[in-house]
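Comments concern the structure below.
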Amino acid sequence: MGRKFAIFLIRCYQVGISPILGRSCRFSPSCSHYAIAVIQRDGFFVGGWRAFRRILRCHPFNPGGYDPP
């Protein structure tokens with residue numbers, strides 16, 4: 001249940017908020033796509049933790065690049 005709800009919230013962000021903010025993620029795939037992939041693969045808690053750590057790395061001082069889930 002938590003996994004589906006988390007993915008639903010991320011998809012709402014992708015459709016409703018992300019287009020307004022524009023492309024700002026330094027990584028490929030984007031942080032939201034990464035979050036969906038790791039939550040689907042690893043579950044709500046482990047995947048959520050990995051997504052949270054990835055979002056913390058997404059800042060102007062990190063060069064970003066390709067970071068597969």
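Residue names in the structure tokens use chain letters A, B, ... in the order shown, residue numbers from 1 in each chain, and ligand numbers from 1 in the order shown.
Residues surrounding segment 11-16 of chain A within 9 Å are Ala6, Ile7, Ile20, Ser32, His33 and Ile36 of chain A [only C-alpha atoms; sequence separation below 4 positions excluded].
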Point to revise | Within 8 Å of Cys31 of chain A using only C-alpha atoms, minus same-chain residues under 3 positions, as an MDAnalysis selection string | key: chainID A and resid 25 27:28 34:35 51 54:55 58
Deliver the residues from the most recent selection as a file, using C-alpha atoms, as an mmCIF file, in the first residue's frame.
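result_32.cif written:
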data_model
loop_
_atom_site.group_PDB
_atom_site.id
_atom_site.type_symbol
_atom_site.label_atom_id
_atom_site.label_comp_id
_atom_site.auth_asym_id
_atom_site.auth_seq_id
_atom_site.Cartn_x
_atom_site.Cartn_y
_atom_site.Cartn_z
ATOM 1 C CA CYS A 25 17.816 17.536 -12.102
ATOM 2 C CA PHE A 27 21.228 13.251 -13.002
ATOM 3 C CA SER A 28 20.062 10.855 -15.663
ATOM 4 C CA TYR A 34 15.000 7.073 -10.102
ATOM 5 C CA ALA A 35 12.709 7.201 -7.062
ATOM 6 C CA ALA A 51 15.545 8.073 -3.339
ATOM 7 C CA ARG A 54 19.711 10.722 -4.278
ATOM 8 C CA ILE A 55 17.663 13.909 -3.834
ATOM 9 C CA CYS A 58 21.046 16.775 -6.433
#
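Every protein, DNA or RNA residue with an atom at most 7 Å from segment 37-46 of chain A, where only C-alpha atoms count and chain neighbours fewer than 5 positions away do not, is listed here: Gly2, Arg3 and Pro69 of chain A.
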Please produce a file of the residues just selected, as a CSV table (one decimal), in the first residue's frame, where the atoms kept are C-alpha atoms.
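Contents of again-v9.csv, as written:
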chain,number,residue,atom,x,y,z
A,2,GLY,CA,2.8,2.5,0.9
A,3,ARG,CA,4.7,1.6,-2.3
A,69,PRO,CA,18.9,2.8,-10.1
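With atom CA of Phe5 of chain A on one side and atom CA of Pro19 of chain A on the other, the separation reads 21.0 Å.
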Practice item. Identify all residues of chain A in helix (DSSP H, G or I) (DSSP on the backbone) and supply them as a ChimeraX atom specification. Key: /A:2-21,31-42,44-57
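Of the residues listed (A:Gly22, A:Pro63, A:Gly48, A:Pro68), A:Gly48 shows the shortest atom-to-atom separation from Ile10 of chain A; distances use only C-alpha atoms.
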Check your understanding: Hey, what's within 8 Å of His59 of chain A if we count only C-alpha atoms and toss same-chain stuff fewer than 3 positions away? As a ChimeraX atom specification, please?
Key -> /A:26,56,62
Take the selection from the previous step and output its residues with C-alpha atoms, as a PDB file, in the first residue's frame.
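Saved the output as part.pdb:
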ATOM      1  CA  ARG A  26      21.538  17.002 -12.643  1.00  0.00           C
ATOM      2  CA  LEU A  56      20.171  15.140  -1.243  1.00  0.00           C
ATOM      3  CA  ASN A  62      27.424  17.998  -7.582  1.00  0.00           C
TER       4      ASN A  62
END
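Among the candidate residues A:Ser30, A:Arg23, A:Met1, A:Leu9, the one lying nearest to Tyr66 of chain A is A:Ser30, with distances computed using only C-alpha atoms.
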